[in-house]
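A short worksheet on the structure shown next.
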Amino acid sequence: MPPSSAQSALLVLADGTSYKGWSFGASGTAIGEVVFNTGITGYQEVLTDPSYCGQIVTFTYPELGNTGVNLEDEESNRPQVRGAIARNISSRPSNWRSTQSLPDYLKQHNIPGIYGIDTRSLTRRLRSAGAMNGAISTEILDPAELLKKVQEAPSMAGLNLVQEVSTQTVYEWSAPTESSWEFSPGVESNDGEPLTVVAIDFGIKRNILRRLAAYGCRVIVVPANTPPEEILKHNPDGIFLSNGPGDPAAVTEGIETTKALLESQKPVFGICMGHQILGLSMGADTFKLKFGHRGLNQPAGLKQRVEITSQNHGFAIDADSLSSDVEITHLNLNDRTVAGLRHKSLPFFSVQYHPEASPGPHDADYLFEHFVEQMRSHRQN
């Protein structure tokens with residue numbers, strides 16, 4: 001039960017459904033697309049993942065905040081969500097790595113949250129009706145009044161949020177995965193001159209950069225609006241297309257840049273939004289999923305092999321729109337949507353999930369090694 005001093009909060013969805021609860025984090029009003037994440041761990045990585053920009057995240061795990069927060073687990077320099085929704089909240093964390101409680105962390109960054117509501121009911125509604133806009137407020141406690149605010153908000157379909165999260169300057173990333181967290185033996189065998197990767201930042205996560213560095217790459221991160229000729233001036237051995245928020249089809253500048261970069265025939269590896277942008281640049285179409293895939297246990301595969309993957313996206317590539325020179329390498333085995341693709345003759349490939357496993361399983365880490373192998377082969381040829 002909340003303390004007697006708990007501040008009231010209200011959640012209203014675009015369909016008029018409302019939930020009364022209590023506030024944690026900052027006071028105020030937050031409006032965004034309400035989605036749900038089924039992971040039972042990794043809430044700090046979720047909150048700081050730039051792919052969640054513009055969204056209010058419902059956590060289906062029943063209690064949040066037990067392990068607090070710490071700077072090492074941030075995927076970016078601040079929380080990227082518009083708001084957070086939980087069943088129960090622990091304001092007194094118990095973990096040796098914790099430096100701050102979750103409510104204090106969100107309050108510091110001006111992110112509102114609501115707890116004490118029936119998150120099972122909310123998740124069922126989002127599954128049946130689809131992800132939709134909503135608002136959390138400690139200021140407007142009349143559902144009808146808050147609903148008016150929600151109805152004024154733009155739909156996620158057609159929304160370009162990349163410029164809100166992309167870096168504004170070019171920088172190099174050199175820190176690999178810390179030795180105490182390293183889980184792949186493949187990183188030990190990559191000796192010789194470093195391979196140069198230019199990572200286009202549509203909303204990149206730090207642990208993706210750490211995995212590239214762990215495999216011996218020199219990583220140059222560039223803003224999403226960097227012209228292709230500027231990218232090629234770095235003489236990259238490969239190009240990485242990162243994850244990011246919003247509707248991929250609305251990121252027209254990134255699609256045109258990728259089209260131009262493909263003409264160089266250098267190896268290209270995309271994940272999440274990068275996967276969608278690669279598909280769009282090769283002539284495919286994307287569409288909005290009903291409620292998306294957000295969790296740590298999404299099965300993906302095609303034939304004999306199944307990977308358990310971490311996923312976070314609300315859009316997918318239309319399989320029927322792929323050209324004959326592109327093949328599907330993975331499907332999401334829950335709904336059979338495209339989860340991976342590659343060009344049949346050129347070194348371009350991508351996956352819809354997050355192979356760096358932060359948070360999540362390590363099944364797909366081999367994809368970084370595959371990218372390195374493609375770059376080495378391309379350099380030799």
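Each chain of the structure tokens is named A, B, ... in the order shown, its residues numbered from 1; ligands are numbered from 1 in display order.
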
Based on DSSP run over this structure's backbone, return all residues of range 262-341 of chain A in helix (DSSP H, G or I), as an MDAnalysis selection string. chainID A and resid 262 273:281 319:321

Take the residues from that selection and put them in a file with N, CA and C atoms, as a PDB file, in the first residue's frame.
ATOM      1  N   LEU A 262      24.749   2.163 -49.688  1.00  0.00           N
ATOM      2  CA  LEU A 262      24.712   0.809 -50.233  1.00  0.00           C
ATOM      3  C   LEU A 262      25.445   0.729 -51.569  1.00  0.00           C
ATOM      4  N   MET A 273      15.507  -0.207 -35.582  1.00  0.00           N
ATOM      5  CA  MET A 273      15.191   0.768 -36.621  1.00  0.00           C
ATOM      6  C   MET A 273      16.177   0.664 -37.778  1.00  0.00           C
ATOM      7  N   GLY A 274      17.433   0.369 -37.480  1.00  0.00           N
ATOM      8  CA  GLY A 274      18.409   0.192 -38.539  1.00  0.00           C
ATOM      9  C   GLY A 274      18.039  -0.932 -39.492  1.00  0.00           C
ATOM     10  N   HIS A 275      17.426  -1.978 -38.961  1.00  0.00           N
ATOM     11  CA  HIS A 275      16.910  -3.085 -39.769  1.00  0.00           C
ATOM     12  C   HIS A 275      15.802  -2.596 -40.688  1.00  0.00           C
ATOM     13  N   GLN A 276      14.906  -1.793 -40.129  1.00  0.00           N
ATOM     14  CA  GLN A 276      13.792  -1.278 -40.927  1.00  0.00           C
ATOM     15  C   GLN A 276      14.276  -0.299 -41.992  1.00  0.00           C
ATOM     16  N   ILE A 277      15.233   0.558 -41.631  1.00  0.00           N
ATOM     17  CA  ILE A 277      15.762   1.527 -42.582  1.00  0.00           C
ATOM     18  C   ILE A 277      16.523   0.824 -43.711  1.00  0.00           C
ATOM     19  N   LEU A 278      17.257  -0.241 -43.365  1.00  0.00           N
ATOM     20  CA  LEU A 278      17.922  -1.007 -44.417  1.00  0.00           C
ATOM     21  C   LEU A 278      16.885  -1.597 -45.364  1.00  0.00           C
ATOM     22  N   GLY A 279      15.831  -2.172 -44.811  1.00  0.00           N
ATOM     23  CA  GLY A 279      14.770  -2.731 -45.652  1.00  0.00           C
ATOM     24  C   GLY A 279      14.126  -1.675 -46.534  1.00  0.00           C
ATOM     25  N   LEU A 280      13.820  -0.523 -45.957  1.00  0.00           N
ATOM     26  CA  LEU A 280      13.207   0.572 -46.724  1.00  0.00           C
ATOM     27  C   LEU A 280      14.139   1.060 -47.831  1.00  0.00           C
ATOM     28  N   SER A 281      15.434   1.105 -47.525  1.00  0.00           N
ATOM     29  CA  SER A 281      16.401   1.591 -48.525  1.00  0.00           C
ATOM     30  C   SER A 281      16.560   0.602 -49.671  1.00  0.00           C
ATOM     31  N   ALA A 319       6.847  -8.453 -45.399  1.00  0.00           N
ATOM     32  CA  ALA A 319       7.575  -9.526 -46.092  1.00  0.00           C
ATOM     33  C   ALA A 319       7.258  -9.550 -47.584  1.00  0.00           C
ATOM     34  N   ASP A 320       6.021  -9.251 -47.948  1.00  0.00           N
ATOM     35  CA  ASP A 320       5.619  -9.323 -49.356  1.00  0.00           C
ATOM     36  C   ASP A 320       6.226  -8.202 -50.195  1.00  0.00           C
ATOM     37  N   SER A 321       6.773  -7.186 -49.527  1.00  0.00           N
ATOM     38  CA  SER A 321       7.336  -6.051 -50.269  1.00  0.00           C
ATOM     39  C   SER A 321       8.825  -6.197 -50.556  1.00  0.00           C
TER      40      SER A 321
END

Tell me, counting only C-alpha atoms, for each residue of range 154-209 of chain A within 10 Å of range 286-296 of chain A, which pair of atoms is nearest and how far apart they are in Å to one decimal, in rows ordered by chain and increasing number, as a Markdown table.
| residue | atom | partner | partner_atom | distance |
| --- | --- | --- | --- | --- |
| A:Met156 | CA | A:Lys288 | CA | 9.0 |
| A:Ala157 | CA | A:Lys288 | CA | 7.0 |
| A:Gly158 | CA | A:Lys288 | CA | 9.8 |

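Here the question is which of A:Ile231, A:Leu146, A:Ala284, A:Val198 gets nearest to Val219 in chain A using only C-alpha atoms, and that residue is A:Val198.
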
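Reported to one decimal place, the separation of CA of Ala339 in chain A from CA of Glu356 in chain A is 15.3 Å.
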
Taking into account only C-alpha atoms, which residue in the set A:Thr226, A:Asn133, A:Thr329, A:Thr60 is nearest to Ser155 in chain A?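 Smallest distance to Ser155 in chain A is found for A:Asn133.
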
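Of the residues under consideration (A:Val268, A:Ala250, A:Ile208, A:Ile40), A:Ile208 shows the shortest atom-to-atom contact distance to Thr177 in chain A when counting only C-alpha atoms.
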
I'd like the contact shell of range 34-38 of chain A - 10 Å cut-off, only C-alpha atoms, skipping same-chain residues fewer than 4 positions apart - returned as a PyMOL selection string. chain A and resi 11-14+43+46+52+54-61+82-85+119+122-124+126-127+130-136+291-298+311-312+314

Within 10 Å of Ala260 in chain A, counting only C-alpha atoms, which residues show up once you throw out same-chain ones fewer than 6 positions away? Write them as number ranges by chain, please. A: 227-229, 254, 281

Can you list, as a CSV table (one decimal) with C-alpha atoms, in the first residue's frame, every protein, DNA or RNA residue that comes within 8 Å of range 159-168 of chain A when you count only C-alpha atoms, leaving out same-chain residues fewer than 3 positions away?
chain,number,residue,atom,x,y,z
A,50,PRO,CA,16.4,5.9,-26.8
A,53,CYS,CA,11.5,8.1,-26.8
A,54,GLY,CA,7.9,9.4,-27.1
A,154,PRO,CA,0.1,13.1,-32.7
A,155,SER,CA,0.0,9.4,-33.6
A,156,MET,CA,3.2,7.5,-33.5
A,201,ASP,CA,23.1,7.2,-34.5
A,202,PHE,CA,19.3,6.9,-34.8
A,203,GLY,CA,19.2,6.4,-31.0
A,204,ILE,CA,22.0,4.1,-30.3
A,222,VAL,CA,27.9,10.1,-36.4
A,223,PRO,CA,24.6,12.1,-36.2
A,224,ALA,CA,21.6,10.6,-38.1
A,244,GLY,CA,15.9,4.3,-32.7
A,245,PRO,CA,12.4,5.6,-31.9
A,246,GLY,CA,9.4,6.5,-34.0
A,247,ASP,CA,8.1,5.5,-37.4
A,248,PRO,CA,11.1,4.3,-39.6
A,250,ALA,CA,9.3,9.0,-41.5
A,251,VAL,CA,13.1,9.0,-41.3

Looking at only C-alpha atoms, which of A:His362, A:His234, A:His109, A:Arg342 is the one that sits closest to Ala26 in chain A?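 Result for the nearest residue to Ala26 in chain A: A:His109.
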